[in-house]
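The structure file entry-v2.txt is reproduced below (compact mmCIF, C-alpha atoms).
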```txt
# COMPACT_ATOMS: atom_id res chain seq x y z
CA MET A 1 128.73 241.70 69.13
CA THR A 2 131.72 239.53 68.43
CA ALA A 3 135.26 240.78 68.03
CA GLN A 4 135.06 240.35 64.30
CA HIS A 5 133.66 243.50 62.79
CA ILE A 6 132.90 243.90 59.13
CA THR A 7 133.06 247.38 57.70
CA PRO A 8 133.41 248.88 54.27
CA ALA A 9 137.03 248.53 53.23
CA PRO A 10 139.36 251.46 53.86
CA VAL A 11 141.25 253.22 51.11
CA ARG A 12 144.89 252.09 51.06
CA LYS A 13 147.68 253.68 49.06
CA SER A 14 151.43 253.45 49.15
CA VAL A 15 154.38 255.07 47.47
CA VAL A 16 158.13 254.44 47.73
CA VAL A 17 160.31 257.53 47.93
CA ASN A 18 164.07 257.99 47.75
CA ALA A 19 164.59 259.44 51.20
CA ASN A 20 165.05 258.14 54.70
CA ALA A 21 162.00 257.95 56.95
CA ALA A 22 162.90 261.10 58.86
CA ARG A 23 163.07 263.18 55.72
CA ALA A 24 159.94 261.59 54.26
CA PHE A 25 158.02 262.38 57.45
CA ASP A 26 159.42 265.92 57.48
CA VAL A 27 158.37 266.65 53.92
CA PHE A 28 155.00 264.96 54.37
CA ALA A 29 153.97 266.56 57.64
CA ASN A 30 156.07 269.67 58.24
CA ASN A 31 156.22 270.80 54.64
CA ILE A 32 152.84 269.67 53.37
CA SER A 33 152.38 273.08 51.74
CA ARG A 34 155.18 272.29 49.30
CA TRP A 35 153.38 269.35 47.73
CA TRP A 36 149.66 269.27 48.64
CA PRO A 37 147.75 269.56 45.34
CA ALA A 38 146.13 272.98 44.90
CA SER A 39 142.93 271.28 43.77
CA HIS A 40 142.58 269.45 47.10
CA THR A 41 140.80 272.07 49.16
CA ILE A 42 137.32 272.98 50.33
CA LEU A 43 138.22 276.67 50.29
CA LYS A 44 136.34 278.84 47.83
CA ALA A 45 139.47 280.93 47.24
CA PRO A 46 142.58 279.55 45.49
CA LEU A 47 144.72 277.57 47.93
CA LYS A 48 147.78 279.33 49.31
CA GLU A 49 149.07 277.09 52.09
CA THR A 50 148.34 273.86 53.96
CA PHE A 51 149.46 273.25 57.53
CA ILE A 52 149.64 270.38 60.01
CA GLU A 53 150.49 271.58 63.50
CA PRO A 54 153.22 269.25 64.87
CA PHE A 55 151.52 267.92 67.99
CA VAL A 56 148.55 265.83 69.12
CA ASN A 57 145.33 267.82 68.68
CA GLY A 58 147.17 270.19 66.34
CA ARG A 59 145.10 271.59 63.51
CA TRP A 60 145.28 270.35 59.93
CA TYR A 61 144.10 273.39 58.02
CA GLN A 62 144.41 275.43 54.88
CA VAL A 63 144.73 279.11 54.07
CA GLY A 64 143.46 280.67 50.88
CA GLN A 65 145.07 283.45 48.89
CA ASP A 66 142.42 285.82 50.24
CA GLY A 67 143.35 284.92 53.83
CA SER A 68 140.32 282.68 54.42
CA GLU A 69 140.89 279.49 56.42
CA CYS A 70 139.34 276.05 56.59
CA ASP A 71 139.94 273.08 58.82
CA ASN A 72 140.47 269.65 57.27
CA GLY A 73 140.89 267.83 60.57
CA LYS A 74 143.41 267.42 63.34
CA VAL A 75 146.42 265.44 64.51
CA LEU A 76 145.54 262.28 66.46
CA ALA A 77 149.10 260.93 66.73
CA TRP A 78 152.40 262.64 65.93
CA GLU A 79 155.16 260.03 66.00
CA PRO A 80 158.07 261.06 63.76
CA PRO A 81 159.63 259.48 61.85
CA HIS A 82 157.39 256.39 61.73
CA ARG A 83 153.75 257.34 61.98
CA LEU A 84 151.26 260.14 61.58
CA LEU A 85 147.58 259.74 62.39
CA LEU A 86 145.22 262.42 61.17
CA ALA A 87 141.52 262.94 61.62
CA TRP A 88 139.84 263.73 58.32
CA GLN A 89 136.74 265.69 59.27
CA ILE A 90 135.34 266.67 55.92
CA ASN A 91 131.94 265.17 55.29
CA PRO A 92 130.45 264.11 51.95
CA ASP A 93 128.75 267.48 51.94
CA TRP A 94 132.29 268.79 51.45
CA GLN A 95 132.10 270.68 54.72
CA TYR A 96 134.28 270.55 57.81
CA ASP A 97 132.35 268.72 60.52
CA PRO A 98 133.92 268.58 64.00
CA ASP A 99 131.63 265.66 64.93
CA LEU A 100 132.87 263.47 62.08
CA VAL A 101 136.13 261.61 62.59
CA THR A 102 137.51 259.38 59.86
CA GLU A 103 141.14 258.38 60.23
CA VAL A 104 144.08 258.83 57.88
CA GLU A 105 147.06 256.83 59.07
CA VAL A 106 150.40 257.41 57.37
CA LYS A 107 153.26 255.01 58.10
CA PHE A 108 156.86 255.60 57.05
CA ILE A 109 158.61 252.26 56.68
CA ALA A 110 162.36 252.17 56.00
CA GLU A 111 163.23 249.94 53.06
CA GLY A 112 166.85 250.99 52.73
CA GLU A 113 169.23 253.72 53.75
CA ARG A 114 167.51 256.19 51.49
CA LYS A 115 164.33 254.41 50.62
CA THR A 116 161.05 254.67 52.51
CA ARG A 117 157.70 253.12 51.78
CA VAL A 118 154.91 255.49 52.72
CA GLU A 119 151.67 253.66 53.43
CA LEU A 120 148.45 255.59 53.75
CA GLU A 121 145.14 254.21 55.01
CA HIS A 122 141.93 256.23 55.11
CA ARG A 123 139.47 254.29 57.26
CA HIS A 124 136.11 254.42 59.04
CA LEU A 125 134.53 255.73 55.88
CA GLU A 126 131.22 254.29 57.00
CA ARG A 127 131.07 257.08 59.57
CA MET A 128 130.41 259.42 56.69
CA GLY A 129 127.12 257.62 56.31
CA ALA A 130 125.93 258.86 59.68
CA LYS A 131 126.36 262.37 58.36
CA ALA A 132 124.44 261.76 55.20
CA ASP A 133 121.20 263.32 56.41
CA THR A 134 122.79 266.72 56.05
CA ALA A 135 124.58 265.66 52.89
CA ARG A 136 121.61 264.40 50.97
CA ALA A 137 120.85 267.63 49.16
CA ALA A 138 124.47 268.50 48.66
CA VAL A 139 125.70 265.47 46.76
CA ASP A 140 123.99 266.67 43.64
CA SER A 141 124.62 270.38 44.19
CA PRO A 142 127.22 272.35 42.22
CA ASN A 143 129.48 272.41 45.26
CA GLY A 144 129.01 268.77 46.14
CA TRP A 145 130.92 265.66 45.24
CA GLY A 146 129.92 265.78 41.61
CA ALA A 147 131.68 269.09 41.06
CA ILE A 148 134.76 268.00 42.96
CA LEU A 149 134.88 264.78 41.00
CA GLU A 150 134.61 266.74 37.79
CA SER A 151 137.45 269.04 38.82
CA PHE A 152 139.58 266.00 39.58
CA ARG A 153 138.81 264.50 36.21
CA GLN A 154 139.96 267.70 34.55
CA VAL A 155 143.14 267.84 36.60
CA VAL A 156 143.92 264.22 35.81
CA GLU A 157 143.34 264.69 32.11
CA GLN A 158 145.34 267.90 31.95
CA GLY A 159 148.10 266.21 33.86
CA GLY A 160 148.19 263.48 31.24
CA LYS A 161 148.16 260.78 33.91
CA MET B 162 124.75 258.74 41.94
CA ALA B 163 126.00 255.65 43.69
CA TYR B 164 127.68 257.42 46.58
CA GLY B 165 124.53 259.44 47.10
CA ASN B 166 122.55 256.21 47.31
CA ALA B 167 124.89 254.64 49.85
CA LEU B 168 124.93 257.69 52.06
CA THR B 169 121.25 258.44 51.92
CA ALA B 170 120.55 254.77 52.63
CA LEU B 171 122.52 255.11 55.87
CA ALA B 172 120.97 258.44 56.79
CA ASP B 173 117.90 256.76 58.30
CA PRO B 174 118.72 255.96 61.96
CA THR B 175 116.78 252.68 62.01
CA ARG B 176 118.34 251.54 58.78
CA ARG B 177 121.74 252.40 60.16
CA ARG B 178 121.01 250.18 63.17
CA VAL B 179 120.04 247.36 60.83
CA PHE B 180 123.32 247.87 58.99
CA GLU B 181 125.29 247.97 62.23
CA GLU B 182 123.71 244.71 63.40
CA LEU B 183 125.48 243.06 60.47
CA ARG B 184 128.88 244.28 61.58
CA SER B 185 129.25 241.21 63.79
CA GLY B 186 128.58 238.87 60.90
CA PRO B 187 125.95 237.61 58.41
CA LYS B 188 122.46 237.30 59.84
CA PRO B 189 118.97 236.28 58.71
CA VAL B 190 116.15 238.84 58.83
CA GLY B 191 114.52 237.29 61.91
CA GLU B 192 117.67 237.53 63.99
CA ILE B 193 118.09 241.21 63.17
CA ALA B 194 114.43 241.91 63.90
CA SER B 195 114.66 240.15 67.27
CA VAL B 196 117.11 242.71 68.66
CA LEU B 197 115.54 245.81 67.17
CA PRO B 198 112.25 247.50 68.11
CA VAL B 199 110.91 247.18 64.59
CA SER B 200 108.85 244.57 62.82
CA ARG B 201 110.30 241.87 60.64
CA PRO B 202 108.70 243.30 57.45
CA ALA B 203 110.20 246.70 58.30
CA VAL B 204 113.64 245.14 58.72
CA SER B 205 113.19 243.39 55.36
CA GLN B 206 112.33 246.70 53.77
CA HIS B 207 115.43 248.38 55.24
CA LEU B 208 117.61 245.51 54.04
CA LYS B 209 116.15 245.87 50.58
CA VAL B 210 117.16 249.54 50.51
CA LEU B 211 120.63 248.73 51.84
CA LYS B 212 121.01 246.06 49.21
CA GLY B 213 119.88 248.44 46.50
CA ALA B 214 122.54 250.91 47.65
CA GLY B 215 125.20 248.23 47.38
CA LEU B 216 125.87 248.17 51.12
CA VAL B 217 124.71 244.63 51.91
CA ARG B 218 124.55 241.32 50.09
CA GLU B 219 121.81 238.72 50.25
CA GLU B 220 122.38 235.01 50.18
CA THR B 221 119.78 232.27 50.23
CA GLN B 222 120.46 229.36 52.55
CA GLY B 223 117.63 226.88 52.09
CA THR B 224 114.52 228.85 52.96
CA ARG B 225 116.40 231.58 54.81
CA HIS B 226 117.66 234.87 53.43
CA VAL B 227 120.96 235.74 55.06
CA TYR B 228 122.33 239.26 54.81
CA SER B 229 125.90 240.44 55.18
CA ILE B 230 127.77 243.70 54.76
CA ASP B 231 129.28 244.11 51.32
CA PRO B 232 132.90 245.08 51.99
CA LYS B 233 132.93 246.82 48.63
CA GLY B 234 130.08 249.09 49.78
CA LEU B 235 130.57 252.83 49.70
CA GLY B 236 132.45 252.03 46.51
CA ALA B 237 132.05 255.43 44.91
CA ILE B 238 133.35 257.27 47.97
CA ARG B 239 136.26 254.87 48.14
CA ARG B 240 136.99 255.32 44.46
CA TRP B 241 136.90 259.07 44.89
CA LEU B 242 139.23 259.03 47.90
CA ASP B 243 141.43 256.55 46.10
CA GLN B 244 141.95 259.08 43.35
CA PHE B 245 142.33 261.90 45.87
CA TRP B 246 145.13 260.13 47.75
CA THR B 247 146.81 258.84 44.58
CA GLU B 248 147.18 262.43 43.43
CA ALA B 249 148.33 263.59 46.84
CA LEU B 250 150.97 260.86 47.20
CA ASP B 251 152.19 261.38 43.62
CA ALA B 252 152.69 265.05 44.40
CA PHE B 253 154.43 264.14 47.66
CA ALA B 254 156.84 261.74 45.90
CA ALA B 255 157.54 264.35 43.23
CA GLU B 256 158.39 266.88 45.92
CA ILE B 257 160.83 264.45 47.55
CA GLU B 258 162.51 263.93 44.16
CA ARG B 259 162.68 267.66 43.48
CA ASP B 260 164.10 268.24 46.95
CA SER B 261 166.66 265.46 46.37
CA GLN B 262 167.84 267.03 43.12
CA GLU B 263 168.40 270.32 44.93
CA GLY B 264 170.15 268.45 47.71
CA LYS B 265 172.70 267.08 45.25
CA GLU B 266 173.64 270.62 44.25
CA GLY B 267 174.23 271.96 47.70
CA LYS B 268 173.04 270.96 51.14
CA ASP B 269 173.38 267.53 52.69
CA LYS B 270 170.38 265.36 53.18
CA PRO B 271 169.20 264.89 56.76
```
What is this file in structure tokens?
Amino acid sequence: MTAQHITPAPVRKSVVVNANAARAFDVFANNISRWWPASHTILKAPLKETFIEPFVNGRWYQVGQDGSECDNGKVLAWEPPHRLLLAWQINPDWQYDPDLVTEVEVKFIAEGERKTRVELEHRHLERMGAKADTARAAVDSPNGWGAILESFRQVVEQGGK
Amino acid sequence: MAYGNALTALADPTRRRVFEELRSGPKPVGEIASVLPVSRPAVSQHLKVLKGAGLVREETQGTRHVYSIDPKGLGAIRRWLDQFWTEALDAFAAEIERDSQEGKEGKDKP
């Protein structure tokens, strides 16, 4: 193997917010419950809260209105106010899988006194492929990706975006 | 569904090894077969499935067929996550704005 590895491209997103990096990090990580979309959960029950525990190996998890909990992943690096590295451990079967680690890196880059560019990269998506043997049946099931995709489509259309 | 194809294509352990052999760069069938305990026709068959799932590309160089990973592979998963994170970041930015408006009324910003 050479040093040059070719993998499926990661997902990259960025947004500029009117806040300094410290506040952007604080809202993103410590107050994720205030903004995380209610539709973005693998819980069966309606989403009540989302948490990221503020330390390495801390849990990234959600609590439903009925008290049920689900893990989304964990904290791999907690470096306020510049960087947050999360493990996304939800497989294409839409289940938490402790053996699956894809990475979500969030960087907070100061662009002014009260302006921060938040860059997000979700990478190592090919690792989901290794989990596909358990996912095969699920991708077409009512609780699989198709249903989630459909719920997103509805949310997007209702939101008029 | 396309994402189902890509994932099920990679579910086979041997096929995954074929795919991983291409991570170091484009290779002809023979070169992949030489490092794996499977026959050349079997490797060809796996490459055909990977190609069908949009994970690898095939290029003809003279008489050789050279395969490489398609960086746009897993496209449907990426598109899905793209939408997922767009929504999440939009909601995050909206929360910062809402919080800023409240900040103007009373408390100082950190």
Quiz item: What does the distance from atom CA of A:Leu43 to atom CA of A:Val63 come to in Å, to one decimal?
Solution: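 Answer for the atom CA of A:Leu43 to atom CA of A:Val63 separation: 7.9 Å.
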Self-check item: Contact residues around B:Glu219 with only C-alpha atoms at 8 Å, ignoring same-chain residues under 5 positions, as a PyMOL selection string
Solution: chain B and resi 212+226-229
Exercise. Go through A:Tyr96, A:Glu69, A:Trp88, A:Ile109 one by one, measure the shortest atom-to-atom distance of each to chain B using all atoms listed in the file, and give the residue with the smallest value.
Key: A:Trp88
Practice problem: Could you give me, as a list in words, the residues within 7 Å of stretch 110-124 of chain A, counting only C-alpha atoms and dropping anything in the same chain fewer than 6 positions from it? | Solution: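 Result of the neighbour search: Pro10, Val11, Arg12, Lys13, Ser14, Val15, Val16, Val17, Asn18, Ala19, Asn20, Ala21, Thr102, Glu103 and Val104 of chain A.
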Practice problem: To one decimal in Å, tell me the separation between atom CA of A:His40 and atom CA of B:Phe245. | Solution: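 Going from atom CA of A:His40 over to atom CA of B:Phe245, I get 7.7 Å.
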Exercise. Find the distance between atom CA of B:Phe253 and atom CA of A:Trp35 and write it in Å to one decimal.
Key: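 According to the coordinates, atom CA of B:Phe253 and atom CA of A:Trp35 are separated by 5.3 Å.
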Practice problem: Counting all atoms listed in the file, figure out which residue out of A:Ala9, A:Leu86, A:Leu76, A:Ile52 gets nearest to chain B. | Solution: A:Ala9
Self-check item: Proximity to B:Ala194 - best of B:Ala255, B:Val210, B:Thr175, B:Asp243, all atoms listed in the file
Solution: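 Looking at the shortest contact to B:Ala194, the residue is B:Thr175.
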Practice problem: For each of B:Ala254, B:Arg178, B:Asp260, B:Arg218, take the minimum atom-to-atom distance to chain A, counting only C-alpha atoms, then give the residue where this is smallest. | Solution: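 Result for the nearest residue to chain A: B:Ala254.
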Quiz item: Between B:Arg240, B:Arg259, B:His207, B:Arg184, which one has atoms that come closest to chain A, using all atoms listed in the file?
Solution: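 For chain A, the nearest of the given residues is B:Arg184.
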Could you pull chain B out of the block above and give me C-alpha atoms, as a PDB file, in the first residue's frame?
```
ATOM      1  CA  MET B 162     -31.993   1.525  -4.421  1.00  0.00           C
ATOM      2  CA  ALA B 163     -28.537   2.802  -5.193  1.00  0.00           C
ATOM      3  CA  TYR B 164     -27.296   2.944  -1.616  1.00  0.00           C
ATOM      4  CA  GLY B 165     -28.564  -0.582  -1.100  1.00  0.00           C
ATOM      5  CA  ASN B 166     -26.552  -1.698  -4.114  1.00  0.00           C
ATOM      6  CA  ALA B 167     -23.356  -0.053  -2.911  1.00  0.00           C
ATOM      7  CA  LEU B 168     -23.642  -1.478   0.573  1.00  0.00           C
ATOM      8  CA  THR B 169     -24.646  -4.962  -0.416  1.00  0.00           C
ATOM      9  CA  ALA B 170     -21.822  -4.977  -2.964  1.00  0.00           C
ATOM     10  CA  LEU B 171     -19.376  -4.349  -0.119  1.00  0.00           C
ATOM     11  CA  ALA B 172     -21.004  -6.857   2.208  1.00  0.00           C
ATOM     12  CA  ASP B 173     -19.125  -9.766   0.620  1.00  0.00           C
ATOM     13  CA  PRO B 174     -15.745 -10.066   2.414  1.00  0.00           C
ATOM     14  CA  THR B 175     -13.814 -11.078  -0.704  1.00  0.00           C
ATOM     15  CA  ARG B 176     -15.351  -8.302  -2.733  1.00  0.00           C
ATOM     16  CA  ARG B 177     -14.473  -5.869   0.003  1.00  0.00           C
ATOM     17  CA  ARG B 178     -10.846  -7.027  -0.213  1.00  0.00           C
ATOM     18  CA  VAL B 179     -10.903  -6.464  -3.959  1.00  0.00           C
ATOM     19  CA  PHE B 180     -12.260  -2.971  -3.323  1.00  0.00           C
ATOM     20  CA  GLU B 181      -9.641  -2.290  -0.660  1.00  0.00           C
ATOM     21  CA  GLU B 182      -6.841  -3.360  -2.999  1.00  0.00           C
ATOM     22  CA  LEU B 183      -7.795  -0.372  -5.141  1.00  0.00           C
ATOM     23  CA  ARG B 184      -7.351   2.071  -2.292  1.00  0.00           C
ATOM     24  CA  SER B 185      -3.664   2.375  -3.142  1.00  0.00           C
ATOM     25  CA  GLY B 186      -4.416   3.292  -6.736  1.00  0.00           C
ATOM     26  CA  PRO B 187      -5.780   2.028 -10.084  1.00  0.00           C
ATOM     27  CA  LYS B 188      -4.899  -1.571 -10.882  1.00  0.00           C
ATOM     28  CA  PRO B 189      -5.495  -4.125 -13.639  1.00  0.00           C
ATOM     29  CA  VAL B 190      -7.371  -7.339 -12.812  1.00  0.00           C
ATOM     30  CA  GLY B 191      -4.229  -9.498 -12.861  1.00  0.00           C
ATOM     31  CA  GLU B 192      -2.455  -7.387 -10.278  1.00  0.00           C
ATOM     32  CA  ILE B 193      -5.399  -7.589  -7.891  1.00  0.00           C
ATOM     33  CA  ALA B 194      -5.711 -11.340  -8.409  1.00  0.00           C
ATOM     34  CA  SER B 195      -2.007 -11.849  -7.717  1.00  0.00           C
ATOM     35  CA  VAL B 196      -2.322 -10.679  -4.110  1.00  0.00           C
ATOM     36  CA  LEU B 197      -5.626 -12.343  -3.299  1.00  0.00           C
ATOM     37  CA  PRO B 198      -6.373 -16.049  -2.843  1.00  0.00           C
ATOM     38  CA  VAL B 199      -8.989 -16.010  -5.580  1.00  0.00           C
ATOM     39  CA  SER B 200      -8.873 -16.688  -9.284  1.00  0.00           C
ATOM     40  CA  ARG B 201      -8.626 -13.996 -11.898  1.00  0.00           C
ATOM     41  CA  PRO B 202     -12.133 -14.716 -13.281  1.00  0.00           C
ATOM     42  CA  ALA B 203     -13.511 -14.436  -9.737  1.00  0.00           C
ATOM     43  CA  VAL B 204     -11.804 -11.065  -9.281  1.00  0.00           C
ATOM     44  CA  SER B 205     -13.264  -9.939 -12.616  1.00  0.00           C
ATOM     45  CA  GLN B 206     -16.697 -10.971 -11.437  1.00  0.00           C
ATOM     46  CA  HIS B 207     -16.317  -9.031  -8.167  1.00  0.00           C
ATOM     47  CA  LEU B 208     -15.124  -5.962 -10.071  1.00  0.00           C
ATOM     48  CA  LYS B 209     -18.145  -6.212 -12.325  1.00  0.00           C
ATOM     49  CA  VAL B 210     -20.451  -6.128  -9.295  1.00  0.00           C
ATOM     50  CA  LEU B 211     -18.518  -3.219  -7.772  1.00  0.00           C
ATOM     51  CA  LYS B 212     -18.750  -1.365 -11.041  1.00  0.00           C
ATOM     52  CA  GLY B 213     -22.458  -2.044 -11.274  1.00  0.00           C
ATOM     53  CA  ALA B 214     -22.883  -0.585  -7.785  1.00  0.00           C
ATOM     54  CA  GLY B 215     -21.052   2.564  -8.837  1.00  0.00           C
ATOM     55  CA  LEU B 216     -18.109   1.934  -6.519  1.00  0.00           C
ATOM     56  CA  VAL B 217     -15.365   1.437  -9.113  1.00  0.00           C
ATOM     57  CA  ARG B 218     -14.631   2.677 -12.606  1.00  0.00           C
ATOM     58  CA  GLU B 219     -13.146   0.737 -15.489  1.00  0.00           C
ATOM     59  CA  GLU B 220     -10.740   2.151 -17.995  1.00  0.00           C
ATOM     60  CA  THR B 221      -9.231   0.400 -20.993  1.00  0.00           C
ATOM     61  CA  GLN B 222      -5.525   0.927 -21.542  1.00  0.00           C
ATOM     62  CA  GLY B 223      -4.595  -0.924 -24.718  1.00  0.00           C
ATOM     63  CA  THR B 224      -5.566  -4.510 -24.024  1.00  0.00           C
ATOM     64  CA  ARG B 225      -5.704  -4.055 -20.257  1.00  0.00           C
ATOM     65  CA  HIS B 226      -8.734  -3.220 -18.142  1.00  0.00           C
ATOM     66  CA  VAL B 227      -7.687  -0.963 -15.294  1.00  0.00           C
ATOM     67  CA  TYR B 228      -9.978  -0.456 -12.331  1.00  0.00           C
ATOM     68  CA  SER B 229     -10.060   2.398  -9.853  1.00  0.00           C
ATOM     69  CA  ILE B 230     -12.264   3.486  -6.979  1.00  0.00           C
ATOM     70  CA  ASP B 231     -14.959   5.925  -8.022  1.00  0.00           C
ATOM     71  CA  PRO B 232     -14.664   8.774  -5.505  1.00  0.00           C
ATOM     72  CA  LYS B 233     -18.324   9.520  -6.116  1.00  0.00           C
ATOM     73  CA  GLY B 234     -19.243   6.013  -4.944  1.00  0.00           C
ATOM     74  CA  LEU B 235     -21.655   5.607  -2.073  1.00  0.00           C
ATOM     75  CA  GLY B 236     -23.340   8.575  -3.700  1.00  0.00           C
ATOM     76  CA  ALA B 237     -26.785   7.956  -2.274  1.00  0.00           C
ATOM     77  CA  ILE B 238     -25.512   7.683   1.284  1.00  0.00           C
ATOM     78  CA  ARG B 239     -23.499  10.842   0.784  1.00  0.00           C
ATOM     79  CA  ARG B 240     -26.495  12.644  -0.669  1.00  0.00           C
ATOM     80  CA  TRP B 241     -28.592  11.530   2.266  1.00  0.00           C
ATOM     81  CA  LEU B 242     -26.026  12.652   4.847  1.00  0.00           C
ATOM     82  CA  ASP B 243     -25.538  15.851   2.900  1.00  0.00           C
ATOM     83  CA  GLN B 244     -29.193  16.657   3.404  1.00  0.00           C
ATOM     84  CA  PHE B 245     -29.059  15.491   7.014  1.00  0.00           C
ATOM     85  CA  TRP B 246     -26.183  17.828   7.885  1.00  0.00           C
ATOM     86  CA  THR B 247     -27.557  20.722   5.838  1.00  0.00           C
ATOM     87  CA  GLU B 248     -30.700  20.610   7.948  1.00  0.00           C
ATOM     88  CA  ALA B 249     -28.736  20.243  11.160  1.00  0.00           C
ATOM     89  CA  LEU B 250     -26.404  23.164  10.410  1.00  0.00           C
ATOM     90  CA  ASP B 251     -29.303  25.366   9.266  1.00  0.00           C
ATOM     91  CA  ALA B 252     -31.023  24.695  12.570  1.00  0.00           C
ATOM     92  CA  PHE B 253     -27.777  25.402  14.429  1.00  0.00           C
ATOM     93  CA  ALA B 254     -27.285  28.749  12.639  1.00  0.00           C
ATOM     94  CA  ALA B 255     -30.915  29.680  13.316  1.00  0.00           C
ATOM     95  CA  GLU B 256     -30.411  28.959  17.002  1.00  0.00           C
ATOM     96  CA  ILE B 257     -27.333  31.202  17.108  1.00  0.00           C
ATOM     97  CA  GLU B 258     -29.374  33.993  15.494  1.00  0.00           C
ATOM     98  CA  ARG B 259     -32.275  33.505  17.893  1.00  0.00           C
ATOM     99  CA  ASP B 260     -29.858  33.495  20.817  1.00  0.00           C
ATOM    100  CA  SER B 261     -28.211  36.680  19.483  1.00  0.00           C
ATOM    101  CA  GLN B 262     -31.553  38.479  19.260  1.00  0.00           C
ATOM    102  CA  GLU B 263     -32.238  37.609  22.900  1.00  0.00           C
ATOM    103  CA  GLY B 264     -28.736  38.714  23.785  1.00  0.00           C
ATOM    104  CA  LYS B 265     -29.424  42.186  22.413  1.00  0.00           C
ATOM    105  CA  GLU B 266     -32.353  42.546  24.792  1.00  0.00           C
ATOM    106  CA  GLY B 267     -30.537  41.611  27.947  1.00  0.00           C
ATOM    107  CA  LYS B 268     -27.430  39.599  28.675  1.00  0.00           C
ATOM    108  CA  ASP B 269     -24.006  40.198  27.186  1.00  0.00           C
ATOM    109  CA  LYS B 270     -22.581  37.799  24.692  1.00  0.00           C
ATOM    110  CA  PRO B 271     -19.708  35.635  25.896  1.00  0.00           C
TER     111      PRO B 271
END
```
